[in-house]
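So this one's entry_1.tsv, TSV, C-alpha atoms:
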chain	number	residue	atom	x	y	z
E	1	MET	CA	98.13	101.88	120.73
E	2	SER	CA	100.82	103.61	118.76
E	3	VAL	CA	101.23	104.64	115.19
E	4	MET	CA	104.65	103.71	113.92
E	5	MET	CA	106.37	106.70	112.45
E	6	ASN	CA	109.68	107.07	110.73
E	7	ASP	CA	112.90	107.77	112.54
E	8	LEU	CA	113.12	111.53	112.26
E	9	VAL	CA	109.82	112.40	113.79
E	10	THR	CA	108.29	111.44	117.05
E	11	VAL	CA	104.54	111.58	117.32
E	12	GLN	CA	103.46	114.88	118.75
E	13	ARG	CA	99.88	114.52	119.86
E	14	THR	CA	99.59	118.21	120.67
E	15	ARG	CA	99.98	119.38	117.10
E	16	PRO	CA	97.02	119.49	114.71
E	17	SER	CA	96.25	116.26	112.95
E	18	ARG	CA	96.83	117.84	109.54
E	19	LEU	CA	99.62	119.98	108.25
E	20	ARG	CA	98.76	123.46	106.98
E	21	PHE	CA	100.93	125.51	104.66
E	22	ARG	CA	100.82	127.78	101.65
E	23	ALA	CA	102.42	126.81	98.37
E	24	THR	CA	103.18	128.72	95.20
E	25	ASP	CA	104.78	127.61	92.02
E	26	ILE	CA	108.02	129.15	90.80
E	27	THR	CA	106.22	131.59	88.50
E	28	GLU	CA	103.75	132.53	91.25
E	29	SER	CA	100.86	131.86	88.92
E	30	ASN	CA	99.41	129.38	91.38
E	31	ASP	CA	99.04	130.04	95.07
E	32	ILE	CA	97.23	127.44	97.11
E	33	GLU	CA	96.44	126.81	100.75
E	34	VAL	CA	97.02	123.21	101.77
E	35	GLU	CA	95.45	121.85	104.91
E	36	ASP	CA	94.58	118.24	104.27
E	37	LEU	CA	97.97	116.52	104.27
E	38	GLU	CA	99.38	114.34	106.98
E	39	TRP	CA	102.63	115.26	108.72
E	40	ASP	CA	104.44	112.06	107.89
E	41	VAL	CA	104.14	111.95	104.11
E	42	PRO	CA	107.43	112.25	102.20
E	43	ALA	CA	108.17	115.74	100.84
E	44	GLY	CA	108.74	114.30	97.35
E	45	ASP	CA	105.20	112.93	97.24
E	46	VAL	CA	103.87	116.24	98.49
E	47	ALA	CA	105.66	118.06	95.67
E	48	GLN	CA	104.15	115.79	93.00
E	49	THR	CA	100.71	116.10	94.61
E	50	LEU	CA	100.93	119.89	94.60
E	51	ALA	CA	101.96	119.84	90.95
E	52	ALA	CA	98.79	117.87	90.19
E	53	ARG	CA	96.66	120.33	92.19
E	54	MET	CA	98.20	123.26	90.34
E	55	GLU	CA	97.60	121.45	87.05
E	56	LEU	CA	101.29	121.49	86.27
E	57	PRO	CA	102.85	118.61	84.32
E	58	THR	CA	103.17	115.57	86.55
E	59	ASN	CA	105.52	113.70	84.27
E	60	VAL	CA	108.44	115.82	85.42
E	61	PRO	CA	110.00	115.78	88.89
E	62	TRP	CA	109.20	118.61	91.31
E	63	ALA	CA	110.81	119.74	94.51
E	64	LEU	CA	109.79	122.02	97.36
E	65	ARG	CA	111.78	124.94	98.73
E	66	ASN	CA	111.13	126.68	102.00
E	67	ASP	CA	110.99	130.46	102.37
E	68	GLN	CA	114.72	130.54	102.98
E	69	GLY	CA	115.38	128.94	99.63
E	70	MET	CA	116.43	125.55	101.00
E	71	PHE	CA	115.20	122.45	99.21
E	72	LEU	CA	113.28	119.96	101.27
E	73	ASP	CA	114.58	116.41	101.27
E	74	ASP	CA	112.25	114.40	99.02
E	75	THR	CA	112.69	111.22	100.97
E	76	GLN	CA	112.04	112.65	104.43
E	77	GLU	CA	108.72	113.43	106.02
E	78	ILE	CA	107.51	116.92	105.32
E	79	GLY	CA	106.42	117.40	108.92
E	80	ALA	CA	110.03	117.05	110.05
E	81	GLN	CA	111.17	119.81	107.70
E	82	ILE	CA	108.61	122.59	107.98
E	83	GLU	CA	106.50	124.25	110.62
E	84	GLN	CA	102.77	124.75	110.58
E	85	ASP	CA	101.75	127.67	108.31
E	86	ALA	CA	105.03	127.56	106.38
E	87	ARG	CA	105.35	129.02	102.88
E	88	LEU	CA	106.75	126.74	100.21
E	89	THR	CA	107.67	127.10	96.58
E	90	LEU	CA	107.18	124.33	94.07
E	91	THR	CA	110.13	124.13	91.73
E	92	PRO	CA	110.86	121.84	88.80
E	93	LYS	CA	113.97	119.77	89.22
E	94	ALA	CA	115.98	121.17	86.35
E	95	HIS	CA	119.40	119.80	85.60
E	96	LEU	CA	121.49	121.91	83.26
E	97	GLY	CA	124.31	120.60	81.19
L	98	MET	CA	99.88	66.36	105.30
L	99	SER	CA	98.20	67.88	102.35
L	100	LYS	CA	98.39	71.63	102.22
L	101	ALA	CA	94.69	71.79	101.45
L	102	SER	CA	93.65	69.57	104.33
L	103	VAL	CA	94.64	71.02	107.64
L	104	PRO	CA	93.30	70.04	111.03
L	105	ASN	CA	92.46	72.98	113.20
L	106	GLN	CA	91.72	73.37	116.88
L	107	SER	CA	88.32	74.85	116.30
L	108	MET	CA	87.15	73.08	113.20
L	109	THR	CA	87.85	70.22	110.89
L	110	TRP	CA	89.06	70.95	107.42
L	111	SER	CA	88.56	68.46	104.68
L	112	SER	CA	88.90	68.86	101.00
L	113	ALA	CA	87.95	67.17	97.82
L	114	ALA	CA	91.10	68.58	96.31
L	115	THR	CA	93.65	67.00	98.58
L	116	ALA	CA	96.19	66.28	95.94
L	117	GLY	CA	99.47	67.65	97.12
L	118	GLU	CA	100.80	71.06	96.33
L	119	PRO	CA	98.48	74.05	96.17
L	120	THR	CA	99.71	74.84	92.70
L	121	ARG	CA	97.84	71.74	91.55
L	122	LEU	CA	94.50	72.96	92.83
L	123	THR	CA	92.32	74.02	89.96
L	124	GLY	CA	88.76	75.18	89.50
L	125	HIS	CA	86.55	74.93	92.55
L	126	CYS	CA	86.53	72.58	95.48
L	127	GLU	CA	84.29	72.32	98.52
L	128	LEU	CA	85.58	72.36	102.06
L	129	ARG	CA	83.58	71.92	105.21
L	130	ALA	CA	84.36	73.89	108.31
L	131	GLY	CA	82.03	72.80	111.05
L	132	LEU	CA	78.58	73.06	109.56
L	133	TYR	CA	79.50	75.63	106.93
L	134	PRO	CA	80.03	74.72	103.33
L	135	TRP	CA	83.12	76.48	102.02
L	136	ARG	CA	83.98	77.34	98.52
L	137	ILE	CA	87.52	77.89	97.40
L	138	THR	CA	88.05	79.68	94.16
L	139	VAL	CA	91.51	79.36	92.75
L	140	ARG	CA	92.58	82.07	90.38
L	141	PRO	CA	95.95	82.64	88.75
L	142	ASN	CA	97.19	84.95	91.50
L	143	TRP	CA	94.79	84.49	94.39
L	144	ILE	CA	92.97	81.84	96.37
L	145	HIS	CA	89.59	83.06	97.60
L	146	PHE	CA	87.89	81.40	100.57
L	147	LEU	CA	84.19	82.14	100.54
L	148	PHE	CA	81.10	81.16	102.41
L	149	ASP	CA	77.59	82.29	103.11
L	150	TYR	CA	77.74	85.29	105.43
L	151	ASP	CA	74.27	84.72	106.83
L	152	ARG	CA	75.29	81.33	108.22
L	153	VAL	CA	78.36	82.61	110.03
L	154	HIS	CA	78.07	82.75	113.82
L	155	ASN	CA	80.96	85.13	114.45
L	156	LYS	CA	80.07	87.95	112.08
L	157	ALA	CA	82.34	90.27	114.07
L	158	CYS	CA	85.36	88.64	112.42
L	159	ALA	CA	84.65	90.70	109.29
L	160	ALA	CA	84.25	94.04	111.07
L	161	LEU	CA	86.76	96.87	110.85
L	162	GLY	CA	89.39	96.31	113.54
L	163	ALA	CA	88.80	92.57	113.87
L	164	PRO	CA	91.96	90.46	113.71
L	165	GLY	CA	92.71	88.81	110.39
L	166	LEU	CA	91.65	89.12	106.81
L	167	TRP	CA	88.00	88.11	106.83
L	168	LYS	CA	85.72	90.59	105.13
L	169	LYS	CA	82.15	90.89	103.97
L	170	ILE	CA	81.57	91.12	100.24
L	171	GLN	CA	78.74	90.88	97.75
L	172	SER	CA	79.23	88.16	95.18
L	173	ASN	CA	76.63	87.28	92.55
L	174	GLY	CA	73.91	88.91	94.62
L	175	MET	CA	74.89	86.99	97.77
L	176	THR	CA	76.53	88.34	100.88
L	177	MET	CA	79.65	86.30	101.51
L	178	LEU	CA	82.39	86.13	104.08
L	179	ALA	CA	85.63	86.20	102.13
L	180	ARG	CA	89.31	85.86	102.67
L	181	ASP	CA	92.01	86.18	100.04
L	182	VAL	CA	95.43	84.58	99.95
L	183	ALA	CA	97.93	85.61	97.31
L	184	TRP	CA	99.78	82.71	95.73
L	185	TRP	CA	103.06	84.54	95.72
L	186	VAL	CA	103.21	84.80	99.52
L	187	LEU	CA	103.00	81.02	99.83
L	188	ASP	CA	106.06	78.88	100.11
L	189	ASP	CA	106.01	76.30	97.34
L	190	GLY	CA	109.10	74.61	98.72
L	191	SER	CA	110.89	74.88	95.41
L	192	ALA	CA	113.53	77.40	96.35
L	193	ALA	CA	113.58	77.20	100.11
L	194	ASP	CA	117.36	77.24	100.28
L	195	GLU	CA	117.67	80.35	98.15
L	196	GLN	CA	115.05	82.47	99.89
L	197	ASP	CA	115.03	84.34	103.11
L	198	ALA	CA	113.15	81.99	105.44
L	199	SER	CA	110.94	84.83	106.65
L	200	ASP	CA	109.91	85.87	103.16
L	201	SER	CA	107.08	83.47	102.36
L	202	CYS	CA	104.75	81.40	104.51
L	203	HIS	CA	103.03	78.04	104.46
L	204	LEU	CA	99.44	77.53	103.46
L	205	GLU	CA	98.90	75.53	106.67
L	206	ASP	CA	99.87	78.58	108.73
L	207	MET	CA	97.56	80.81	106.70
L	208	LEU	CA	94.68	78.39	107.22
L	209	ARG	CA	95.29	78.07	110.95
L	210	TRP	CA	95.33	81.85	111.19
L	211	ALA	CA	92.11	82.04	109.18
L	212	GLY	CA	90.47	79.44	111.42
L	213	ARG	CA	91.43	81.23	114.61
L	214	CYS	CA	90.14	84.56	113.35
L	215	LEU	CA	86.89	82.99	112.20
L	216	ALA	CA	86.37	81.41	115.60
L	217	GLY	CA	87.27	84.67	117.36
L	218	GLU	CA	90.28	83.03	119.02
L	219	SER	CA	93.69	84.55	119.37
L	220	ASP	CA	97.08	82.91	119.27
L	221	PRO	CA	98.46	83.26	122.83
L	222	ILE	CA	102.07	83.19	121.70
L	223	TRP	CA	101.76	85.62	118.79
L	224	VAL	CA	103.40	89.00	119.20
L	225	PRO	CA	103.63	91.76	116.60
L	226	PRO	CA	106.93	91.79	114.74
L	227	ALA	CA	109.51	94.38	115.75
L	228	ASP	CA	109.33	97.81	114.13
L	229	ALA	CA	112.64	97.21	112.36
L	230	TRP	CA	111.35	93.97	110.82
L	231	VAL	CA	108.18	95.72	109.62
L	232	LYS	CA	110.20	98.57	108.12
L	233	GLU	CA	112.33	96.05	106.29
L	234	ALA	CA	109.27	94.16	105.06
L	235	ILE	CA	107.40	97.29	103.97
L	236	PRO	CA	109.60	99.99	102.45
L	237	ARG	CA	108.51	103.55	103.22
L	238	ALA	CA	107.61	104.21	99.60
L	239	CYS	CA	104.94	101.50	99.86
L	240	LEU	CA	103.16	103.39	102.62
L	241	THR	CA	102.05	106.32	100.49
L	242	VAL	CA	98.99	106.50	98.27
L	243	ARG	CA	99.18	109.31	95.71
L	244	ILE	CA	96.46	109.72	93.13
L	245	GLY	CA	96.36	113.01	91.24
L	246	GLY	CA	96.11	115.79	93.80
L	247	LEU	CA	95.32	113.46	96.68
L	248	LEU	CA	97.92	112.08	99.01
L	249	TRP	CA	97.46	109.70	101.92
L	250	ARG	CA	99.74	107.80	104.21
L	251	ILE	CA	99.16	104.18	105.20
L	252	ALA	CA	99.57	103.96	108.95
L	253	VAL	CA	101.19	100.95	110.54
L	254	VAL	CA	99.17	100.50	113.71
L	255	SER	CA	101.19	98.47	116.15
L	256	SER	CA	100.31	97.72	119.72
L	257	GLU	CA	100.59	94.82	122.08
L	258	GLY	CA	98.77	91.98	120.39
L	259	ARG	CA	97.79	93.88	117.26
L	260	LEU	CA	99.25	94.91	113.94
L	261	ALA	CA	97.28	96.49	111.13
L	262	LEU	CA	97.80	98.67	108.09
L	263	ARG	CA	95.18	101.38	107.78
L	264	CYS	CA	94.53	104.20	105.36
L	265	VAL	CA	91.79	106.77	105.25
L	266	ALA	CA	89.98	106.68	101.91
L	267	ALA	CA	87.61	109.56	102.62
L	268	GLN	CA	87.55	111.89	105.58
L	269	ASP	CA	85.21	114.36	107.28
L	270	ILE	CA	82.12	112.79	105.72
L	271	ASP	CA	79.16	114.69	107.08
L	272	ALA	CA	76.85	112.23	108.85
L	273	GLY	CA	73.97	114.30	107.48
L	274	LEU	CA	75.09	113.83	103.90
L	275	GLU	CA	72.27	113.13	101.42
L	276	ARG	CA	71.23	109.50	101.57
L	277	TRP	CA	72.15	108.80	97.96
L	278	ARG	CA	75.67	110.08	98.53
L	279	MET	CA	76.16	107.84	101.57
L	280	ASN	CA	74.71	104.98	99.59
L	281	ALA	CA	77.14	105.65	96.76
L	282	ILE	CA	80.12	105.70	99.16
L	283	GLU	CA	78.98	102.45	100.76
L	284	LEU	CA	78.67	100.88	97.31
L	285	LEU	CA	82.13	102.10	96.34
L	286	ALA	CA	83.58	100.57	99.51
L	287	MET	CA	81.76	97.29	99.00
L	288	ASP	CA	82.85	97.18	95.39
L	289	ALA	CA	86.47	97.83	96.31
L	290	SER	CA	86.34	95.12	99.02
L	291	MET	CA	85.12	92.67	96.43
L	292	LEU	CA	87.54	93.67	93.69
L	293	TRP	CA	90.75	94.03	95.65
L	294	GLY	CA	92.32	91.22	97.61
L	295	MET	CA	92.79	91.41	101.39
L	296	ALA	CA	91.59	94.98	101.85
L	297	ARG	CA	88.42	95.62	103.81
L	298	PHE	CA	86.58	98.88	104.31
L	299	GLY	CA	84.48	100.33	107.07
L	300	PHE	CA	83.33	103.60	108.59
L	301	GLU	CA	84.64	105.16	111.77
L	302	GLU	CA	83.02	108.00	113.64
L	303	LYS	CA	85.18	110.97	114.51
L	304	PRO	CA	84.22	114.37	115.95
L	305	THR	CA	84.81	115.93	112.51
L	306	GLY	CA	82.60	113.40	110.71
L	307	LEU	CA	82.79	109.89	109.36
L	308	LEU	CA	85.97	108.35	108.04
L	309	LEU	CA	85.98	105.70	105.36
L	310	VAL	CA	88.88	103.48	106.35
L	311	CYS	CA	90.62	100.71	104.44
L	312	GLU	CA	92.60	98.21	106.45
L	313	VAL	CA	94.44	94.94	106.32
L	314	ASP	CA	94.64	93.50	109.81
L	315	LEU	CA	97.68	91.30	110.25
L	316	THR	CA	97.09	90.43	113.88
L	317	GLY	CA	98.11	86.82	114.33
L	318	ALA	CA	99.59	86.60	110.83
L	319	PRO	CA	102.47	84.29	110.00
L	320	ARG	CA	105.71	86.25	109.92
L	321	SER	CA	106.21	86.64	106.20
L	322	LYS	CA	107.70	89.68	104.55
L	323	ALA	CA	105.93	88.82	101.31
L	324	LEU	CA	102.60	88.77	103.15
L	325	PHE	CA	103.22	92.09	104.89
L	326	ARG	CA	104.43	93.75	101.71
L	327	THR	CA	101.39	92.41	99.84
L	328	ALA	CA	99.16	93.78	102.59
L	329	ALA	CA	100.60	97.28	102.10
L	330	ASP	CA	100.16	97.00	98.34
L	331	ALA	CA	96.60	95.78	98.82
L	332	VAL	CA	95.69	98.84	100.88
L	333	ALA	CA	97.42	101.19	98.44
L	334	VAL	CA	95.70	99.71	95.40
L	335	ALA	CA	92.26	99.48	96.99
L	336	VAL	CA	92.38	103.03	98.34
L	337	GLY	CA	93.87	104.37	95.13
L	338	ALA	CA	91.04	102.88	93.13
L	339	LEU	CA	88.29	104.75	94.96
L	340	LEU	CA	90.08	107.77	96.40
L	341	GLU	CA	89.09	110.34	93.80
L	342	THR	CA	85.53	109.11	93.37
L	343	ALA	CA	84.93	108.97	97.12
L	344	ASP	CA	86.41	112.45	97.47
L	345	VAL	CA	83.99	113.87	94.91
L	346	VAL	CA	80.90	111.98	96.07
L	347	SER	CA	81.46	112.83	99.75
L	348	ASP	CA	81.82	116.54	99.05
L	349	ALA	CA	78.33	118.03	99.33
L	350	ARG	CA	79.57	121.24	97.67
L	351	ILE	CA	79.97	119.38	94.39
L	352	ASP	CA	76.67	119.21	92.57
L	353	LEU	CA	76.00	115.72	91.27
L	354	GLN	CA	72.30	116.09	90.70
L	355	SER	CA	72.16	113.62	87.83
L	356	ILE	CA	73.57	110.79	89.96
L	357	GLY	CA	71.23	111.70	92.79
L	358	ASP	CA	68.26	111.65	90.42
L	359	CYS	CA	69.25	108.24	89.08
L	360	TRP	CA	69.50	106.88	92.60
L	361	LEU	CA	66.13	108.30	93.59
L	362	GLN	CA	64.58	106.91	90.43
L	363	ALA	CA	66.02	103.46	91.15
L	364	GLN	CA	64.75	103.65	94.73
L	365	SER	CA	61.30	104.60	93.54
L	366	THR	CA	61.25	101.70	91.05
L	367	GLU	CA	62.29	99.29	93.81
L	368	GLU	CA	59.55	100.59	96.09
L	369	GLN	CA	56.91	100.24	93.37
L	370	LYS	CA	58.12	96.73	92.66
L	371	GLY	CA	57.83	95.89	96.37
L	372	GLU	CA	54.29	97.25	96.54
L	373	THR	CA	53.14	95.21	93.51
L	374	GLU	CA	54.62	92.04	94.96
For the file at hand, write its structure as structure tokens.
Amino acid sequence: MSVMMNDLVTVQRTRPSRLRFRATDITESNDIEVEDLEWDVPAGDVAQTLAARMELPTNVPWALRNDQGMFLDDTQEIGAQIEQDARLTLTPKAHLG
Amino acid sequence: MSKASVPNQSMTWSSAATAGEPTRLTGHCELRAGLYPWRITVRPNWIHFLFDYDRVHNKACAALGAPGLWKKIQSNGMTMLARDVAWWVLDDGSAADEQDASDSCHLEDMLRWAGRCLAGESDPIWVPPADAWVKEAIPRACLTVRIGGLLWRIAVVSSEGRLALRCVAAQDIDAGLERWRMNAIELLAMDASMLWGMARFGFEEKPTGLLLVCEVDLTGAPRSKALFRTAADAVAVAVGALLETADVVSDARIDLQSIGDCWLQAQSTEEQKGETE
């Protein structure tokens, strides 16, 4: 039996079943440990979920940045973009001008 | 052939409502499948096939992991075997030339599939659709359930001879959880099975505890993108409806003494009633 995954990630049975990482918001007022998410959920959904957990407004779009400042691709699976125990920052998608 | 009167290898279908197109079926009609009286309830968006669960020989057809859409529900105090068909996945023949031929399906095919699953038979020539077809039928965005701070992925389980959509609704449930909590989770699952079309729930044992799983098993299903997409939506809606409540009730660290007391009180009343009778 196989579980169909999306194109970027192949199923790695050796890795833990759940992803674990630490997330803070841009102001560092919230710092949470996340260890219940699946590897193949889109990063955009993860960002909105973290906003809800941090009790931040969920009617605005959020994005995730890794510890090198790069934005994760909302549409791609988070497991393809970060390693276990990564540190992420939740950032509002602000468009100026 | 009438769309409501379809001969089947394992059983004979007959209907009092044999008049033509399914859109003309109204109210209730009785079908007979073997020795079982059927009831079909036609609602604006769904057709529900129901019959008395206790009289079904192959009860395994409603179990988690069984091929097809049969499920066990409680309806008006009775345990029923149920199967739901959404109107919008059915081909009404009105716009056949304009639609993608693989988009909708015929009621006859749905009934044959239902009959095979009920009899525990499989279609020897059925194979799961290709991954690319499934991805086209079910966009990625439809495979995520996000409610508040909870996020789950609907897995497309594909193997030789099987295709199912599954989503965990509650995980790591301690098998030693207080009885009232387990009872509440079972009630939530039963309620969701009854309220939401196609989706069925069941428990799976894992080393870390019990999983409450919601699935729509499409093994043997007619190849219809509308059906597959509806299946994904059915899982998402059913899981979304109970996700937060199941998460709270299954967490023993959250004190819900008042609910526990109510349950114990109800149990005690039931017991007293039983003793008097």
Next item on the list: May I ask you to extract the residues of chain E within 12 Å of chain L, using all atoms listed in the file, and to give them as number ranges by chain?
Entry: E: 1-7, 17-18, 34-59, 74-77
Note to self: Just to confirm, what's the straight-line distance from atom CA of E:Arg65 to atom CA of E:Leu90 in Å (one decimal)?
What the structure shows: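 Separation of atom CA of E:Arg65 and atom CA of E:Leu90: 6.6 Å.
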Proximity of stretch 306-369 of chain L to stretch 177-182 of chain L: per-residue shortest pair, 12 Å limit, all atoms listed in the file, as a Markdown table:
| residue | atom | partner | partner_atom | distance |
| --- | --- | --- | --- | --- |
| L:Val313 | CA | L:Asp181 | CA | 11.0 |
| L:Asp314 | CA | L:Arg180 | CA | 11.7 |
| L:Ala318 | CA | L:Val182 | CA | 11.8 |
| L:Ala323 | CA | L:Val182 | CA | 11.4 |
| L:Leu324 | CA | L:Val182 | CA | 8.9 |
| L:Phe325 | CA | L:Val182 | CA | 11.9 |
| L:Thr327 | CA | L:Val182 | CA | 9.8 |
| L:Ala328 | CA | L:Val182 | CA | 10.3 |
| L:Ala331 | CA | L:Asp181 | CA | 10.7 |
Margin query: Would you compute the distance between atom CA of L:Ala281 and atom CA of L:Gly306? Give it in Å to one decimal.
Written below: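 These atoms are spaced 16.9 Å apart.
Relative to atom CA of L:Ala266, atom CA of L:Trp210 is found at 27.0 Å.
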Checklist line | Proximity to L:Gly317 - best of L:Val139, L:Ser219, L:Ala159, L:Asp151, all atoms listed in the file | finding: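 Answer, going by the shortest atom-to-atom distance: L:Ser219.
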Item checked: Given all atoms listed in the file as the counted atoms, nearest of L:Ser365, L:Pro164, L:Ala267, L:Ala349 to L:Val310 -> L:Ala267
Next item on the list: Please provide as a PyMOL selection string all residues within 6 Å of stretch 21-31 of chain E, with the sequence filter that same-chain residues fewer than 2 positions apart are discarded (counting only C-alpha atoms).
Entry: chain E and resi 33-34+85-91
Now that the selection is made, can you save its residues with C-alpha atoms as a PDB file, in the coordinates of the input?
ATOM      1  CA  GLU E  33      96.440 126.810 100.750  1.00  0.00           C
ATOM      2  CA  VAL E  34      97.020 123.210 101.770  1.00  0.00           C
ATOM      3  CA  ASP E  85     101.750 127.670 108.310  1.00  0.00           C
ATOM      4  CA  ALA E  86     105.030 127.560 106.380  1.00  0.00           C
ATOM      5  CA  ARG E  87     105.350 129.020 102.880  1.00  0.00           C
ATOM      6  CA  LEU E  88     106.750 126.740 100.210  1.00  0.00           C
ATOM      7  CA  THR E  89     107.670 127.100  96.580  1.00  0.00           C
ATOM      8  CA  LEU E  90     107.180 124.330  94.070  1.00  0.00           C
ATOM      9  CA  THR E  91     110.130 124.130  91.730  1.00  0.00           C
TER      10      THR E  91
END
